>>> print(open('work-v3.cif').read())   # mmCIF, C-alpha atoms and all ligand atoms; chains and numbers go by the auth columns
data_structure
loop_
_atom_site.group_PDB
_atom_site.id
_atom_site.type_symbol
_atom_site.label_atom_id
_atom_site.label_comp_id
_atom_site.label_asym_id
_atom_site.label_seq_id
_atom_site.Cartn_x
_atom_site.Cartn_y
_atom_site.Cartn_z
_atom_site.B_iso_or_equiv
_atom_site.auth_seq_id
_atom_site.auth_asym_id
ATOM 1 C CA MET A 1 -238.570 -150.870 101.635 0.00 72 A
ATOM 2 C CA ALA A 2 -237.642 -152.619 98.380 0.00 73 A
ATOM 3 C CA LEU A 3 -237.089 -150.517 95.271 0.00 74 A
ATOM 4 C CA LEU A 4 -239.521 -152.669 93.314 0.00 75 A
ATOM 5 C CA ASP A 5 -241.985 -155.007 94.988 0.00 76 A
ATOM 6 C CA VAL A 6 -244.218 -157.116 92.745 0.00 77 A
ATOM 7 C CA LYS A 7 -246.884 -159.238 94.436 0.00 78 A
ATOM 8 C CA ASN A 8 -249.328 -161.697 92.894 0.00 79 A
ATOM 9 C CA LEU A 9 -249.118 -160.041 89.500 0.00 80 A
ATOM 10 C CA ASN A 10 -251.653 -161.305 86.982 0.00 81 A
ATOM 11 C CA VAL A 11 -251.898 -160.014 83.418 0.00 82 A
ATOM 12 C CA ARG A 12 -254.762 -160.932 81.111 0.00 83 A
ATOM 13 C CA PHE A 13 -255.333 -159.897 77.502 0.00 84 A
ATOM 14 C CA PRO A 14 -258.897 -159.983 76.196 0.00 85 A
ATOM 15 C CA THR A 15 -258.749 -161.227 72.592 0.00 86 A
ATOM 16 C CA GLU A 16 -261.280 -162.259 69.963 0.00 87 A
ATOM 17 C CA ASP A 17 -260.488 -165.882 70.827 0.00 88 A
ATOM 18 C CA GLY A 18 -260.911 -165.424 74.570 0.00 89 A
ATOM 19 C CA VAL A 19 -258.784 -164.232 77.443 0.00 90 A
ATOM 20 C CA VAL A 20 -255.024 -164.884 77.338 0.00 91 A
ATOM 21 C CA HIS A 21 -253.791 -165.207 80.930 0.00 92 A
ATOM 22 C CA ALA A 22 -250.161 -164.280 80.232 0.00 93 A
ATOM 23 C CA VAL A 23 -248.822 -163.768 83.769 0.00 94 A
ATOM 24 C CA ARG A 24 -250.072 -165.772 86.772 0.00 95 A
ATOM 25 C CA ASP A 25 -249.344 -164.867 90.373 0.00 96 A
ATOM 26 C CA VAL A 26 -245.809 -163.576 89.892 0.00 97 A
ATOM 27 C CA SER A 27 -244.097 -162.123 92.966 0.00 98 A
ATOM 28 C CA PHE A 28 -240.561 -160.791 93.434 0.00 99 A
ATOM 29 C CA SER A 29 -238.800 -157.838 94.921 0.00 100 A
ATOM 30 C CA ILE A 30 -235.616 -155.993 93.976 0.00 101 A
ATOM 31 C CA ASP A 31 -233.559 -153.739 96.194 0.00 102 A
ATOM 32 C CA HIS A 32 -231.283 -150.887 95.261 0.00 103 A
ATOM 33 C CA GLY A 33 -228.160 -152.310 93.618 0.00 104 A
ATOM 34 C CA GLU A 34 -229.700 -155.737 93.000 0.00 105 A
ATOM 35 C CA VAL A 35 -230.058 -157.395 89.605 0.00 106 A
ATOM 36 C CA LEU A 36 -232.748 -159.996 88.939 0.00 107 A
ATOM 37 C CA GLY A 37 -232.453 -162.442 86.061 0.00 108 A
ATOM 38 C CA VAL A 38 -235.696 -163.974 84.807 0.00 109 A
ATOM 39 C CA VAL A 39 -235.490 -167.301 82.980 0.00 110 A
ATOM 40 C CA GLY A 40 -238.323 -169.197 81.359 0.00 111 A
ATOM 41 C CA GLU A 41 -239.511 -170.767 78.155 0.00 112 A
ATOM 42 C CA SER A 42 -240.723 -168.680 75.246 0.00 113 A
ATOM 43 C CA GLY A 43 -244.211 -167.344 75.931 0.00 114 A
ATOM 44 C CA SER A 44 -243.977 -167.790 79.701 0.00 115 A
ATOM 45 C CA GLY A 45 -244.579 -164.091 80.343 0.00 116 A
ATOM 46 C CA LYS A 46 -241.141 -162.561 80.937 0.00 117 A
ATOM 47 C CA SER A 47 -241.627 -159.618 78.586 0.00 118 A
ATOM 48 C CA VAL A 48 -245.241 -159.040 79.595 0.00 119 A
ATOM 49 C CA THR A 49 -244.209 -158.872 83.270 0.00 120 A
ATOM 50 C CA ASN A 50 -241.713 -156.148 82.493 0.00 121 A
ATOM 51 C CA MET A 51 -244.046 -154.288 80.131 0.00 122 A
ATOM 52 C CA ALA A 52 -246.672 -154.184 82.903 0.00 123 A
ATOM 53 C CA ILE A 53 -244.122 -152.635 85.252 0.00 124 A
ATOM 54 C CA MET A 54 -243.071 -150.089 82.643 0.00 125 A
ATOM 55 C CA GLY A 55 -246.627 -149.206 81.640 0.00 126 A
ATOM 56 C CA LEU A 56 -246.255 -150.320 78.043 0.00 127 A
ATOM 57 C CA LEU A 57 -249.195 -152.726 77.624 0.00 128 A
ATOM 58 C CA PRO A 58 -252.371 -152.019 75.609 0.00 129 A
ATOM 59 C CA LYS A 59 -255.045 -150.075 77.474 0.00 130 A
ATOM 60 C CA THR A 60 -257.424 -153.053 77.341 0.00 131 A
ATOM 61 C CA THR A 61 -255.027 -155.243 79.380 0.00 132 A
ATOM 62 C CA ARG A 62 -256.301 -156.422 82.783 0.00 133 A
ATOM 63 C CA ILE A 63 -253.616 -156.174 85.430 0.00 134 A
ATOM 64 C CA ASP A 64 -254.192 -157.396 88.994 0.00 135 A
ATOM 65 C CA GLY A 65 -251.977 -157.649 92.037 0.00 136 A
ATOM 66 C CA SER A 66 -249.516 -155.069 93.232 0.00 137 A
ATOM 67 C CA ILE A 67 -246.495 -153.325 91.718 0.00 138 A
ATOM 68 C CA LEU A 68 -244.899 -151.041 94.266 0.00 139 A
ATOM 69 C CA TYR A 69 -242.142 -148.835 92.869 0.00 140 A
ATOM 70 C CA LYS A 70 -240.435 -146.750 95.550 0.00 141 A
ATOM 71 C CA GLY A 71 -243.546 -147.404 97.613 0.00 142 A
ATOM 72 C CA ASP A 72 -245.966 -146.102 94.983 0.00 143 A
ATOM 73 C CA GLU A 73 -248.663 -148.446 93.678 0.00 144 A
ATOM 74 C CA LEU A 74 -248.550 -148.661 89.871 0.00 145 A
ATOM 75 C CA VAL A 75 -251.432 -151.132 89.409 0.00 146 A
ATOM 76 C CA GLY A 76 -254.568 -149.186 88.602 0.00 147 A
ATOM 77 C CA ARG A 77 -252.689 -146.369 86.938 0.00 148 A
ATOM 78 C CA SER A 78 -253.020 -145.983 83.197 0.00 149 A
ATOM 79 C CA GLN A 79 -250.589 -147.959 81.081 0.00 150 A
ATOM 80 C CA GLN A 80 -248.281 -145.159 80.002 0.00 151 A
ATOM 81 C CA PRO A 81 -244.502 -145.041 79.991 0.00 152 A
ATOM 82 C CA ARG A 82 -243.508 -144.306 83.580 0.00 153 A
ATOM 83 C CA ARG A 83 -241.266 -141.366 82.828 0.00 154 A
ATOM 84 C CA SER A 84 -242.327 -139.291 85.788 0.00 155 A
ATOM 85 C CA SER A 85 -241.700 -142.036 88.366 0.00 156 A
ATOM 86 C CA GLY A 86 -238.475 -143.197 86.713 0.00 157 A
ATOM 87 C CA ALA A 87 -239.668 -146.822 86.568 0.00 158 A
ATOM 88 C CA ALA A 88 -239.188 -146.962 82.807 0.00 159 A
ATOM 89 C CA ARG A 89 -235.441 -146.802 83.401 0.00 160 A
ATOM 90 C CA SER A 90 -235.376 -149.584 85.960 0.00 161 A
ATOM 91 C CA ALA A 91 -236.131 -152.611 83.767 0.00 162 A
HETATM 92 N N1 LIG B . -250.987 -157.917 73.384 0.00 1 B
HETATM 93 C C1 LIG B . -251.156 -159.235 73.575 0.00 1 B
HETATM 94 N N2 LIG B . -252.344 -159.811 73.349 0.00 1 B
HETATM 95 C C2 LIG B . -252.534 -161.142 73.566 0.00 1 B
HETATM 96 N N3 LIG B . -251.574 -161.988 74.008 0.00 1 B
HETATM 97 C C3 LIG B . -250.369 -161.461 74.231 0.00 1 B
HETATM 98 C C4 LIG B . -250.073 -160.074 74.037 0.00 1 B
HETATM 99 N N4 LIG B . -248.773 -159.842 74.379 0.00 1 B
HETATM 100 C C5 LIG B . -248.279 -161.049 74.750 0.00 1 B
HETATM 101 N N5 LIG B . -249.222 -162.015 74.676 0.00 1 B
HETATM 102 C C6 LIG B . -249.063 -163.427 75.039 0.00 1 B
HETATM 103 O O1 LIG B . -248.589 -163.473 76.392 0.00 1 B
HETATM 104 C C7 LIG B . -247.776 -164.619 76.578 0.00 1 B
HETATM 105 C C8 LIG B . -246.460 -164.214 77.222 0.00 1 B
HETATM 106 O O2 LIG B . -245.674 -163.550 76.236 0.00 1 B
HETATM 107 P P1 LIG B . -244.240 -162.925 76.543 0.00 1 B
HETATM 108 O O3 LIG B . -243.887 -162.109 75.344 0.00 1 B
HETATM 109 O O4 LIG B . -244.237 -162.233 77.865 0.00 1 B
HETATM 110 O O5 LIG B . -243.301 -164.211 76.654 0.00 1 B
HETATM 111 P P2 LIG B . -241.729 -164.261 76.926 0.00 1 B
HETATM 112 O O6 LIG B . -241.529 -165.092 78.167 0.00 1 B
HETATM 113 O O7 LIG B . -241.165 -162.884 76.925 0.00 1 B
HETATM 114 O O8 LIG B . -241.212 -165.085 75.652 0.00 1 B
HETATM 115 P P3 LIG B . -239.821 -164.971 74.823 0.00 1 B
HETATM 116 O O9 LIG B . -238.801 -165.781 75.590 0.00 1 B
HETATM 117 O O10 LIG B . -240.150 -165.599 73.496 0.00 1 B
HETATM 118 O O11 LIG B . -239.446 -163.503 74.716 0.00 1 B
HETATM 119 C C9 LIG B . -247.638 -165.289 75.200 0.00 1 B
HETATM 120 O O12 LIG B . -248.600 -166.335 75.152 0.00 1 B
HETATM 121 C C10 LIG B . -247.995 -164.154 74.242 0.00 1 B
HETATM 122 O O13 LIG B . -248.525 -164.653 73.045 0.00 1 B
HETATM 123 MG MG MG B . -239.759 -161.867 75.737 0.00 2 B
#
>>> encode(input="work-v3.cif", output="structure tokens", more="lines below")
Ligand SMILES: Nc1ncnc2c1ncn2[C@@H]1O[C@H](COP(=O)(O)OP(=O)(O)OP(=O)(O)O)[C@@H](O)[C@H]1O
Ligand SMILES: [Mg+2]
Amino acid sequence: MALLDVKNLNVRFPTEDGVVHAVRDVSFSIDHGEVLGVVGESGSGKSVTNMAIMGLLPKTTRIDGSILYKGDELVGRSQQPRRSSGAARSA
């Protein structure tokens, strides 16, 4: 089992000007001892991907897909710093 397994992650922000679809269908997995570098142009969703994993996005954010951390599903849980699961220290 991977340490972190992200599948088909989508992140959408409702705004006054409409929905911002910041992350589209992102999938990756990281094992113990692995390091993953993420490269992309400004605004492509690198920070938002990591904030979703760490539970640091606004409560109104719509997050779909799956984020398994040590086998636990984080999607659907409230966006709060993941101190108890330790995920906040992984990214
Ligand atoms: N709270 C928010 N509400 C609405 N849109 C947002 C919010 N946070 C981020 N975005 C938008 O999501 C998109 C992805 O932003 P993100 O910060 O993840 O990009 P990035 O790849 O980290 O860019 P950079 O290389 O400049 O750090 C951008 O269009 C950004 O404006
Ligand atoms: Mg960034």
>>> closest_residue(input="work-v3.cif", among="A:Leu145, A:Val82, A:Val119, A:Val94", to="A:Thr132", atoms="all atoms listed in the file")
A:Val82
>>> residues_near_ligand(input="work-v3.cif", ligand="ligand LIG 1 (chain B)", cutoff="10 Å", atoms="all atoms listed in the file", output="PyMOL selection string")
chain A and resi 82-94+109-123+128-132
>>> residues_around(input="work-v3.cif", residues="A:Tyr140", least_positions_apart="4", cutoff="9 Å", atoms="all atoms listed in the file", output="PyMOL selection string")
chain A and resi 73-77+124+144-145+156+158
>>> atom_distance(input="work-v3.cif", atom1="atom CA of A:Asp96", atom2="atom CA of A:Asp135")
9.0 Å
>>> closest_residue(input="work-v3.cif", among="A:Ser137, A:Ser100, A:Pro152, A:Asp143", to="A:Leu80", atoms="all atoms listed in the file")
A:Ser137
>>> atom_distance(input="work-v3.cif", atom1="atom CA of A:Val106", atom2="atom CA of A:Gly142")
18.6 Å
>>> atom_distance(input="work-v3.cif", atom1="atom CA of A:Leu139", atom2="atom CA of A:His103")
13.7 Å
>>> residues_around(input="work-v3.cif", residues="A:Asn79", least_positions_apart="4", cutoff="6 Å", atoms="all atoms listed in the file", output="list of chain:residue names")
A:Asp96, A:Val97, A:Ser98, A:Gly136
>>> write_last_selection(input="work-v3.cif", atoms="C-alpha atoms", output="short mmCIF file (atom, residue, chain, number, x, y, z; two decimals), in the frame of the given file")
data_model
loop_
_atom_site.label_atom_id
_atom_site.label_comp_id
_atom_site.auth_asym_id
_atom_site.auth_seq_id
_atom_site.Cartn_x
_atom_site.Cartn_y
_atom_site.Cartn_z
CA ASP A 96 -249.34 -164.87 90.37
CA VAL A 97 -245.81 -163.58 89.89
CA SER A 98 -244.10 -162.12 92.97
CA GLY A 136 -251.98 -157.65 92.04
#
>>> build_atoms(input="work-v3.cif", residues="stretch 79-104 of chain A", atoms="N, CA and C atoms", output="short mmCIF file (atom, residue, chain, number, x, y, z; two decimals), in the frame of the given file")
data_model
loop_
_atom_site.label_atom_id
_atom_site.label_comp_id
_atom_site.auth_asym_id
_atom_site.auth_seq_id
_atom_site.Cartn_x
_atom_site.Cartn_y
_atom_site.Cartn_z
N ASN A 79 -248.15 -161.06 93.49
CA ASN A 79 -249.33 -161.70 92.89
C ASN A 79 -249.78 -160.99 91.61
N LEU A 80 -248.80 -160.72 90.76
CA LEU A 80 -249.12 -160.04 89.50
C LEU A 80 -249.80 -161.00 88.53
N ASN A 81 -250.93 -160.57 88.01
CA ASN A 81 -251.65 -161.30 86.98
C ASN A 81 -251.92 -160.37 85.83
N VAL A 82 -251.64 -160.83 84.60
CA VAL A 82 -251.90 -160.01 83.42
C VAL A 82 -252.74 -160.83 82.44
N ARG A 83 -253.86 -160.25 82.05
CA ARG A 83 -254.76 -160.93 81.11
C ARG A 83 -255.05 -160.03 79.93
N PHE A 84 -255.01 -160.63 78.72
CA PHE A 84 -255.33 -159.90 77.50
C PHE A 84 -256.66 -160.41 76.96
N PRO A 85 -257.67 -159.57 76.90
CA PRO A 85 -258.90 -159.98 76.20
C PRO A 85 -258.61 -160.02 74.70
N THR A 86 -258.93 -161.14 74.05
CA THR A 86 -258.75 -161.23 72.59
C THR A 86 -260.03 -161.76 71.96
N GLU A 87 -260.09 -161.74 70.66
CA GLU A 87 -261.28 -162.26 69.96
C GLU A 87 -261.48 -163.74 70.25
N ASP A 88 -260.41 -164.44 70.56
CA ASP A 88 -260.49 -165.88 70.83
C ASP A 88 -260.61 -166.20 72.31
N GLY A 89 -260.81 -165.19 73.12
CA GLY A 89 -260.91 -165.42 74.57
C GLY A 89 -259.81 -164.68 75.31
N VAL A 90 -259.75 -164.94 76.61
CA VAL A 90 -258.78 -164.23 77.44
C VAL A 90 -257.46 -165.00 77.49
N VAL A 91 -256.36 -164.30 77.19
CA VAL A 91 -255.02 -164.88 77.34
C VAL A 91 -254.48 -164.46 78.71
N HIS A 92 -254.30 -165.47 79.57
CA HIS A 92 -253.79 -165.21 80.93
C HIS A 92 -252.27 -165.34 80.86
N ALA A 93 -251.59 -164.23 80.58
CA ALA A 93 -250.16 -164.28 80.23
C ALA A 93 -249.25 -164.36 81.45
N VAL A 94 -249.65 -163.76 82.55
CA VAL A 94 -248.82 -163.77 83.77
C VAL A 94 -249.72 -164.18 84.94
N ARG A 95 -249.28 -165.22 85.66
CA ARG A 95 -250.07 -165.77 86.77
C ARG A 95 -249.32 -165.68 88.07
N ASP A 96 -249.82 -164.87 88.99
CA ASP A 96 -249.34 -164.87 90.37
C ASP A 96 -247.83 -164.76 90.50
N VAL A 97 -247.26 -163.79 89.81
CA VAL A 97 -245.81 -163.58 89.89
C VAL A 97 -245.49 -162.60 91.02
N SER A 98 -244.53 -162.99 91.87
CA SER A 98 -244.10 -162.12 92.97
C SER A 98 -242.57 -162.12 93.03
N PHE A 99 -242.00 -160.92 93.18
CA PHE A 99 -240.56 -160.79 93.43
C PHE A 99 -240.31 -159.38 93.94
N SER A 100 -239.15 -159.20 94.55
CA SER A 100 -238.80 -157.84 94.92
C SER A 100 -237.32 -157.61 94.64
N ILE A 101 -236.99 -156.38 94.31
CA ILE A 101 -235.62 -155.99 93.98
C ILE A 101 -235.24 -154.78 94.82
N ASP A 102 -234.05 -154.85 95.39
CA ASP A 102 -233.56 -153.74 96.19
C ASP A 102 -232.62 -152.87 95.37
N HIS A 103 -232.29 -151.74 95.89
CA HIS A 103 -231.28 -150.89 95.26
C HIS A 103 -230.01 -151.70 95.05
N GLY A 104 -229.43 -151.64 93.88
CA GLY A 104 -228.16 -152.31 93.62
C GLY A 104 -228.30 -153.77 93.26
#
